[in-house]
Amino acid sequence: MGSWHPECPERLAAIQDHLISTGVAPHLAYYDAPLASIETLQRAHASSYVERLKSSVPSDGYRSLDPDTSMNPHTLQAALRAAGAVVDATDRVMGGEIANAFCAVRPPGHHACKATAMGFCFFNSVAVGARHALEAHGLQRVAIVDFDVHHGNGTEEIFEDDDRVLMTSFFQHPFYPYSGTGSLAKNMVNVPLPAGTGGDVARKVVDDVWLPRLNEFGPQMIFISAGFDAHREDDLGQMALVEADYAYMTERLMDVAHQHANGRIVSSLEGGYNLSALGRSTVAHVRALARL
Ligand SMILES: [Zn+2]
C-alpha cells in the first residue's frame, strides 16, 4: 500500500525469519496458497463486490478504496491467495491430512465486510473459510475467535444472523473501527477492553467469558483471526499482551478444539505491525498449535 504503510511485505518475512531462527520451521509442513475461487468468495461477499474489486485493480500505481486501504496491481492476487489459503487449510484439516494450520497471509481480512473493503482488508479470509467449512464440508457449528486489537467488524457483519457460527473476541475500546459494542446478536461474544489492558485481564476474559460460551456451543471446527497488534510493543494498538499470552490463548483454544472438534483449528494472520513482536508472537502461537 506504499512504502510508508505498516501493512507491509516485511511482515511475512519477519514471521518466516523467526520460525527459522527459533528452530520451529523444520517441524512444519509448508503449502503454497492457491487462489480462492469465486464460488468460495461469494459465500461471504456480495458477487457485485467481488466483481467491483476485480475491476478496481490499477494497471500501475495505487487506487485508494478508503483512507487507509489501497490497491496496487498485485493486491487482488494477494487477497485471493490469502482467502484461498484459509479454504485450502480447511480442506486439508477436514480431510485429516493435517491436524491444524496457521495461514501466514496478507492482506488481512477481518475488517472486510460483505460489500466493503476497509482497514487494510479486501476479502474476509476467515469468513470465507468458515462458510466453506459449513457449506462444502457440511459442518453445523463453527467458532471464530478474534484476538486482534481491533474489533473484527467485517466478520461480525457477515455472521451476525448466522447461528451456525459463534464469534468470540476482545478488542481495544474505544478504538478503530469504533464498533463491536452495539450488537444484539446472540452469537457475538464481544469483550471491549480499555487501552493499557494486559495479559492478566485478557487471560481472564478467555477463561471466564470465551471458554464457557465455546464449550456450551461445541464447535466442530475453530477459526482464529490471529492478529498480534495487541502486543505491548505494537504501536497500532495500546494493549499490553506479550508472547506468553498468545501461547496461553492458543493452548486454551486447542483444549476446546480437542474436546469438541477433533482438534480442528485453522488460524489466519490478521494484524501485527511491530516486526519483531509479530515474529515472536507468531512463533509462540505456532509452537502451541504444533505442540512444540
Ligand atoms: Zn488489528
# chains A, B, ... in the order shown; residues from 1 in each chain; ligands from 1
call {"tool": "residues_near_ligand", "arguments": {"ligand": "ligand 1", "cutoff": "6 Å", "atoms": "only C-alpha atoms and all ligand atoms", "output": "PyMOL selection string"}}
result
chain A and resi 148-150+227+229+271
call {"tool": "write_last_selection", "arguments": {"atoms": "C-alpha atoms", "output": "compact mmCIF listing (two decimals), in the first residue's frame"}}
result
# COMPACT_ATOMS: atom_id res chain seq x y z
CA ASP A 148 -6.67 -8.77 17.16
CA VAL A 149 -6.52 -5.41 18.97
CA HIS A 150 -9.17 -4.09 16.55
CA GLY A 227 -3.91 -10.52 14.95
CA ASP A 229 -1.29 -6.00 17.31
CA GLY A 271 -2.80 -7.54 12.26
call {"tool": "residues_around", "arguments": {"residues": "region 82-94 of chain A", "least_positions_apart": "5", "cutoff": "10 Å", "atoms": "only C-alpha atoms", "output": "JSON, numbers by chain"}}
result
{"A": [31, 32, 33, 34, 35, 36, 37, 40, 41, 76, 77, 99, 100, 101, 102, 103, 104, 105, 106, 107, 108, 109, 122, 123, 124, 125, 126, 127, 128, 129, 130, 131, 132, 133, 136, 137, 139, 221, 223, 262, 263, 264, 265, 266, 267, 268, 269]}
call {"tool": "closest_residue", "arguments": {"among": "A:Thr197, A:Glu233, A:Glu156, A:Ala202", "to": "Ser183 (chain A)", "atoms": "only C-alpha atoms"}}
result
A:Glu156
call {"tool": "residues_around", "arguments": {"residues": "Ser276 (chain A)", "least_positions_apart": "5", "cutoff": "9 Å", "atoms": "only C-alpha atoms", "output": "list in words"}}
result
Ala14, Ile15, His18, Glu233 and Ser281 of chain A
call {"tool": "closest_residue", "arguments": {"among": "A:Leu166, A:Ala195, A:Met249, A:Ile20", "to": "Glu216 (chain A)", "atoms": "only C-alpha atoms"}}
result
A:Leu166
call {"tool": "closest_residue", "arguments": {"among": "A:Arg252, A:His151, A:Arg81, A:His110", "to": "Gly237 (chain A)", "atoms": "only C-alpha atoms"}}
result
A:His151
